[in-house]
Amino acid sequence: MPMVALAASLLMQSSPAAPFAYVTNQGDNTISVVDLAQNKSIATIKVGEKPAGVAAAADNSRVYVTNPVGKTVSVIDPAAQKVIATIPAGSGPLGIALHPSGNPLLVADWYDDRIFVIDTRKLAVTRTFPTGRSPSGIAYNSKGTRVYVTNRDDNNLAVFDTRSYKQLALIQTGKAPFGVTVSPDDKTLYAANVQNNSISIIDATTLKVTATVGVQEFPYASAVDPVHQHLFVTNQHDDTVSVIDLRTNTVIKTLDVSGYPEGIMLEPGGRRVAVANWFGDQLDMIDTETLEITQSIKTGNGSRAFGLFIAPRE
Amino acid sequence: MSKILKSLAVTLLLTPALALAHGPSRLKVEKEVDVNAPPAKVWGLLKDFCAIEKWHPAVAKCTGSGGNAVGATRELRLNDPNTGPTIDEELLKYDDAKMFYKYKITKVDPAVVPVANYASQIQVEDDGKGGSRVTWKGGFYRVDPTNNPKKGQDDEAATSAINGIYDAGLGKIKALFAGGK
């Protein structure tokens with residue numbers, strides 16, 4: 001047994017260094033594995049029914065995918081490029097976040113208004129805790145001490161302690177908050193308000209909304225570029241990405257992307273932002289210096305990538 | 001809390017969620033048709049937001065407001081110009097150079113078109129052979145947001161309705177230019 005464990009850890013260490021994007025393809029019931037160094041899809045892995053959310057472990061040892069229609073979570077071994085377990089999770093698992101240490105995994109149940117806590121060693125649900133109506137986005141801070149959940153149909157964001165899962169605060173956002181993003185320094189939260197086309201910017205210390213910035217139709221998710229102090233926001237119905245300057249809280253650019261942009265994340269190293277397009281069926285890569293699309297990488301039908309979908313990362 | 005009160009509380013808590021939420025799986029339909037006419041001619045037919053009454057067989061009458069400016073609206077009356085059911089739509093994006101516009105449904109009876117949160121785009125492109133390709137694509141949800149949708153308000157009903165609408169419209173566009181006009 002120790003030999004097996006040793007072999008496994010050697011395998012992980014020798015896995016390629018290129019960051020990979022794991023893109024859920026809702027229409028194909030697959031994920032595309034995209035090599036971001038080569039700008040191409042290198043594998044397609046069958047998962048559950050209508051995959052949407054994704055959480056890649058920071059060290060690239062595991063990838064977890066929610067299948068809202070299949071009502072399961074697929075556990076993927078990226079080195080072997082296969083599903084190693086499928087865990088039933090309530091009525092509509094969608095939002096998903098992995099603790100920075102790799103354990104546990106939290107999954108938001110859209111229909112039953114609760115969060116599942118999954119032990120990633122046992123690969124089983126160990127407990128649940130309640131939240132507001134239609135929880136959508138879920139994100140940890142980098143220390144793993146707090147977890148933030150947007151309750152879409154309550155128009156608020158819940159703050160939980162990650163030891164007790166006690167709700168510490170409830171912050172009013174705009175209408176129908178979906179994706180939630182934590183800044184790399186843990187100081188700020190960003191909630192995308194789908195139904196009033198804005199972003200709520202929240203101070204994670206005072207737990208107060210400090211600004212609300214208007215974007216385009218149906219904002220869905222966001223990504224922070226800490227070097228340039230920009231926030232990138234996907235606007236689903238507008239087929240664009242808004243770039244907000246976080247020093248002035250104003251939109252400095254609105255870029256056309258290929259269609260129904262959803263999941264968005266900064267590449268490790270910060271050179272580009274990857275945008276998954278549900279209608280475009282591709283990743284559009286935005287250069288963080290020039291704010292132009294420099295590459296587009298074909299993925300599968302109905303690409304969503306809702307969550308932290310790129311690994312390995314620091 | 002008594003058992004009855006407790007179950008009432010649970011019901012009260014759950015009901016609004018069911019009323020407001022839509023299911024997490026959005027649906028899409030994408031259709032295209034090759035048309036035997038140059039893109040400028042085909043776009044000439046499609047370009048006005050309210051021109052749909054000329055190229056869609058189910059639209060008996062279109063009443064527009066705001067022209068082709070973002071925020072413009074149109075009311076489509078189906079089947080019969082006076083008594084038919086209506087669909088209200090709003091223009092979201094308009095690009096004359098790229099020959100496309102995007103719009104959303106703002107009001108429709110689910111018995112007429114069983115979709116929710118519907119947004120769509122129609123575009124004319126050069127097929128590189130002297131003709132055009134028209135693409136019509138839409139993203140939407142089923143009407144019944146619950147986890148066990150009623151028949152007629154499920155994914156299948158929504159997808160089949162939109163497929164029918166797109167096929168009919170694109171079929172007529174193709175037919176209108178069939179003689180290479």
# chains A, B, ... in the order shown; residues from 1 in each chain; ligands from 1

$ select_by_dssp --residues "stretch 42-82 of chain B" --states "strand (DSSP E)" --output "PyMOL selection string"
chain B and resi 59-65+73-78

$ interface_residues --of "chain A" --to "chain B" --cutoff "10 Å" --atoms "only C-alpha atoms" --output "PyMOL selection string"
chain A and resi 26-27+50-52+67-69+91-94+110-113+132-134+136+152-154+176+217+236-239+259-260+278-279+301-302

$ residues_around --residues "B:Asp127" --least-positions-apart "3" --cutoff "9 Å" --atoms "only C-alpha atoms" --output "ChimeraX atom specification"
/B:34-35,38-39,130-133

$ select_by_dssp --residues "stretch 28-269 of chain A" --states "helix (DSSP H, G or I)" --output "short mmCIF file (atom, residue, chain, number, x, y, z; two decimals) with N, CA and C atoms, in the first residue's frame"
data_model
loop_
_atom_site.label_atom_id
_atom_site.label_comp_id
_atom_site.auth_asym_id
_atom_site.auth_seq_id
_atom_site.Cartn_x
_atom_site.Cartn_y
_atom_site.Cartn_z
N ARG A 152 -29.50 33.23 -4.96
CA ARG A 152 -30.04 33.95 -6.10
C ARG A 152 -31.45 34.50 -5.87
N ASP A 153 -32.31 33.70 -5.30
CA ASP A 153 -33.70 34.15 -5.18
C ASP A 153 -33.98 34.89 -3.87
N ASP A 154 -32.95 35.10 -3.06
CA ASP A 154 -33.10 35.96 -1.88
C ASP A 154 -32.37 37.29 -2.07
N VAL A 194 -27.55 39.06 -11.90
CA VAL A 194 -28.06 38.71 -13.22
C VAL A 194 -29.21 39.62 -13.65
N GLN A 195 -30.13 39.90 -12.72
CA GLN A 195 -31.35 40.57 -13.15
C GLN A 195 -31.33 42.09 -13.08
N ASN A 196 -30.27 42.69 -12.52
CA ASN A 196 -30.21 44.14 -12.74
C ASN A 196 -28.88 44.61 -13.29
N GLN A 236 -23.83 37.35 -20.15
CA GLN A 236 -24.42 36.27 -20.95
C GLN A 236 -25.23 36.74 -22.16
N HIS A 237 -26.22 37.58 -21.92
CA HIS A 237 -27.13 37.94 -23.01
C HIS A 237 -26.55 38.97 -23.95
N ASP A 238 -25.44 39.58 -23.58
CA ASP A 238 -24.86 40.63 -24.41
C ASP A 238 -23.69 40.10 -25.24
#

$ residues_around --residues "B:Ser160" --least-positions-apart "2" --cutoff "12 Å" --atoms "only C-alpha atoms" --output "list in words"
Leu27, Lys28, Val29, Val113, Pro114, Val115, Arg142, Gly152, Gln153, Asp154, Asp155, Glu156, Ala157, Ala158, Ile162, Asn163, Gly164, Ile165, Tyr166 and Asp167 of chain B

$ residues_around --residues "stretch 46-53 of chain B" --least-positions-apart "3" --cutoff "9 Å" --atoms "only C-alpha atoms" --output "ChimeraX atom specification"
/B:41-43,56-65,67-68,72-77,91,96,99-101,122-124,169,173

$ write_last_selection --atoms "C-alpha atoms" --output "PDB file, in the first residue's frame"
ATOM      1  CA  LYS B  41     -30.066  41.304 -50.175  1.00  0.00           C
ATOM      2  CA  VAL B  42     -30.941  38.816 -47.464  1.00  0.00           C
ATOM      3  CA  TRP B  43     -30.034  41.281 -44.714  1.00  0.00           C
ATOM      4  CA  HIS B  56     -42.047  34.364 -40.769  1.00  0.00           C
ATOM      5  CA  PRO B  57     -45.184  32.447 -41.793  1.00  0.00           C
ATOM      6  CA  ALA B  58     -46.596  32.382 -38.236  1.00  0.00           C
ATOM      7  CA  VAL B  59     -46.342  36.154 -37.724  1.00  0.00           C
ATOM      8  CA  ALA B  60     -49.486  37.778 -39.097  1.00  0.00           C
ATOM      9  CA  LYS B  61     -48.634  41.278 -37.922  1.00  0.00           C
ATOM     10  CA  CYS B  62     -45.794  43.134 -36.213  1.00  0.00           C
ATOM     11  CA  THR B  63     -46.293  46.396 -34.341  1.00  0.00           C
ATOM     12  CA  GLY B  64     -42.962  48.033 -33.547  1.00  0.00           C
ATOM     13  CA  SER B  65     -41.740  50.947 -31.538  1.00  0.00           C
ATOM     14  CA  GLY B  67     -37.088  51.203 -34.913  1.00  0.00           C
ATOM     15  CA  ASN B  68     -33.750  49.376 -34.754  1.00  0.00           C
ATOM     16  CA  ALA B  72     -36.877  48.978 -29.383  1.00  0.00           C
ATOM     17  CA  THR B  73     -39.892  46.733 -28.944  1.00  0.00           C
ATOM     18  CA  ARG B  74     -42.135  44.718 -31.204  1.00  0.00           C
ATOM     19  CA  GLU B  75     -45.425  42.976 -30.624  1.00  0.00           C
ATOM     20  CA  LEU B  76     -45.920  39.926 -32.823  1.00  0.00           C
ATOM     21  CA  ARG B  77     -49.462  38.804 -33.472  1.00  0.00           C
ATOM     22  CA  LEU B  91     -34.121  44.519 -29.133  1.00  0.00           C
ATOM     23  CA  ASP B  96     -25.776  46.530 -39.244  1.00  0.00           C
ATOM     24  CA  MET B  99     -25.651  41.861 -40.090  1.00  0.00           C
ATOM     25  CA  PHE B 100     -27.147  40.577 -36.861  1.00  0.00           C
ATOM     26  CA  TYR B 101     -29.487  41.542 -34.070  1.00  0.00           C
ATOM     27  CA  ILE B 122     -30.393  36.139 -36.031  1.00  0.00           C
ATOM     28  CA  GLN B 123     -27.480  36.761 -38.375  1.00  0.00           C
ATOM     29  CA  VAL B 124     -26.711  36.816 -42.090  1.00  0.00           C
ATOM     30  CA  GLY B 169     -38.914  31.192 -40.433  1.00  0.00           C
ATOM     31  CA  ILE B 173     -36.477  33.008 -45.998  1.00  0.00           C
TER      32      ILE B 173
END

$ atom_distance --atom1 "atom CA of A:Pro219" --atom2 "atom CA of A:Glu292"
19.4 Å

$ atom_distance --atom1 "atom CA of A:Ala85" --atom2 "atom CA of A:Ser61"
14.1 Å
